[in-house]
Amino acid sequence: MLAPWGKSSPRGQPNILDPNPMPFSINKPNEHDTKAEFQRELDAVRKSIAKMEEIFELLLPRGDSEDDTNLRLRLQDSIDRQLRNAAPPVRLDEAYTVVRKMVAESGGFYGSIWILLDFSNALKLRLSQLEEQRKLFWNLRHRAPDHYARTIALRLAKVFASQTEQRPTLGTSGETGDPSTSYTKALKEVFQLLNIETGVRSPADWAVNELTEMDMNPHQRDIISALMGLPSTSRTPGPSLLDMMDGNPEESAKE
């Protein structure tokens with residue numbers, strides 16, 4: 001992609017954890033591939049939280065009446081005894097048996113309640129994360145775009161812009177309809193490597209429109225980074241599969 005400009009894609013220094021660093025992240029911005037998949041988890045978390053609240057209300061009545069106190073004491077005595085008798089033997093290769101044994105021996109009723117409270121709080125944290133994802137990705141009046149395709153297109157566009165200090169161009173072949181610019185050709189290859197089935201044109205068009213002047217001026221970013229006490233954003237160029245793309249810099253492209 002960058003070879004026509006005499007450039008190669010930037011890469012970090014190899015290390016033990018990442019022996020073959022890539023020029024940009026390929027992680028997905030959204031955790032779910034479909035709205036149905038997202039909704040299923042959201043419903044499961046919401047219903048689980050509601051069930052947890054029911055359990056707490058049943059086992060720990062909020063009233064201060066004598067009946068409420070007697071119920072709690074009877075449950076506590078019975079459950080403590082049952083958990084103690086049913087405690088599993090400890091196996092050092094199975095840490096959860098140690099936890100279960102300790103809970104049973106130290107008062108299983110309230111120990112279990114505390115664990116359920118922790119579990120409930122974890123579910124509520126997950127719910128807040130899902131609600132945020134719903135706003136960003138799934139609460140749309142129209143069909144949701146392929147967020148992964150858009151994100152990859154933008155990351156590749158940023159690599160192009162930072163190295164060439166130009167905005168990537170878009171175009172298709174009049175004969176085949178295939179991508180005709182070095183950016184869109186490279187993007188198509190990346191999509192194939194990542195098994196992204198969405199066409200190149202729409203994500204590429206969105207990505208190019210998202211670029212800013214700072215994306216095309218890495219020197220300005222380095223000045224700002226220095227003023228803020230941050231490390232330089234420049235990297236030592238290294239070889240890349242994307243640099244295998246042939247061609248000449250586009251002076252124009254068919255829109």
# chains A, B, ... in the order shown; residues from 1 in each chain; ligands from 1

call {"tool": "residues_around", "arguments": {"residues": "A:Ala207", "least_positions_apart": "2", "cutoff": "9 Å", "atoms": "only C-alpha atoms", "output": "list in words"}}
result
Arg150, Thr151, Ile152, Ala153, Leu154, Arg155, Leu156, Ala157, Lys158, Ser202, Pro203, Ala204, Asp205, Asn209, Glu210 and Leu211 of chain A

call {"tool": "residues_around", "arguments": {"residues": "A:Thr164", "least_positions_apart": "6", "cutoff": "9 Å", "atoms": "only C-alpha atoms", "output": "list in words"}}
result
Leu2, Trp5, Lys7 and Met216 of chain A

call {"tool": "write_last_selection", "arguments": {"atoms": "all heavy atoms", "output": "compact mmCIF listing (two decimals), in the first residue's frame"}}
result
# COMPACT_ATOMS: atom_id res chain seq x y z
N LEU A 2 1.95 1.25 0.73
CA LEU A 2 2.78 2.43 0.91
C LEU A 2 4.01 2.46 0.02
O LEU A 2 4.68 3.49 -0.08
CB LEU A 2 3.22 2.52 2.39
CG LEU A 2 2.10 2.63 3.41
CD1 LEU A 2 2.66 2.56 4.83
CD2 LEU A 2 1.29 3.90 3.23
N TRP A 5 4.93 5.33 -2.36
CA TRP A 5 5.39 6.57 -1.74
C TRP A 5 6.77 6.40 -1.09
O TRP A 5 7.24 7.28 -0.39
CB TRP A 5 4.38 7.04 -0.68
CG TRP A 5 3.17 7.66 -1.27
CD1 TRP A 5 2.93 8.98 -1.49
CD2 TRP A 5 2.00 6.99 -1.73
NE1 TRP A 5 1.70 9.18 -2.06
CE2 TRP A 5 1.10 7.96 -2.22
CE3 TRP A 5 1.63 5.65 -1.81
CZ2 TRP A 5 -0.14 7.65 -2.76
CZ3 TRP A 5 0.39 5.33 -2.35
CH2 TRP A 5 -0.48 6.32 -2.81
N LYS A 7 7.47 4.31 1.25
CA LYS A 7 7.25 4.12 2.68
C LYS A 7 6.98 2.64 2.97
O LYS A 7 6.68 1.85 2.08
CB LYS A 7 6.04 4.94 3.15
CG LYS A 7 6.15 6.43 2.89
CD LYS A 7 7.09 7.10 3.86
CE LYS A 7 7.07 8.61 3.68
NZ LYS A 7 7.92 9.28 4.67
N MET A 216 -3.00 13.28 9.33
CA MET A 216 -2.11 13.42 8.18
C MET A 216 -0.89 14.25 8.49
O MET A 216 -0.10 14.55 7.60
CB MET A 216 -2.90 14.03 7.01
CG MET A 216 -3.94 13.09 6.44
SD MET A 216 -4.98 13.86 5.19
CE MET A 216 -6.14 14.75 6.23

call {"tool": "closest_residue", "arguments": {"among": "A:Gln133, A:Asn85, A:Ser78, A:Ser120", "to": "A:Glu41", "atoms": "only C-alpha atoms"}}
result
A:Gln133

call {"tool": "residues_around", "arguments": {"residues": "A:Arg134", "least_positions_apart": "3", "cutoff": "12 Å", "atoms": "only C-alpha atoms", "output": "ChimeraX atom specification"}}
result
/A:30-32,34-39,41-42,127-131,137-140,144

call {"tool": "atom_distance", "arguments": {"atom1": "atom CA of A:Glu53", "atom2": "atom CA of A:Met102"}}
result
25.0 Å
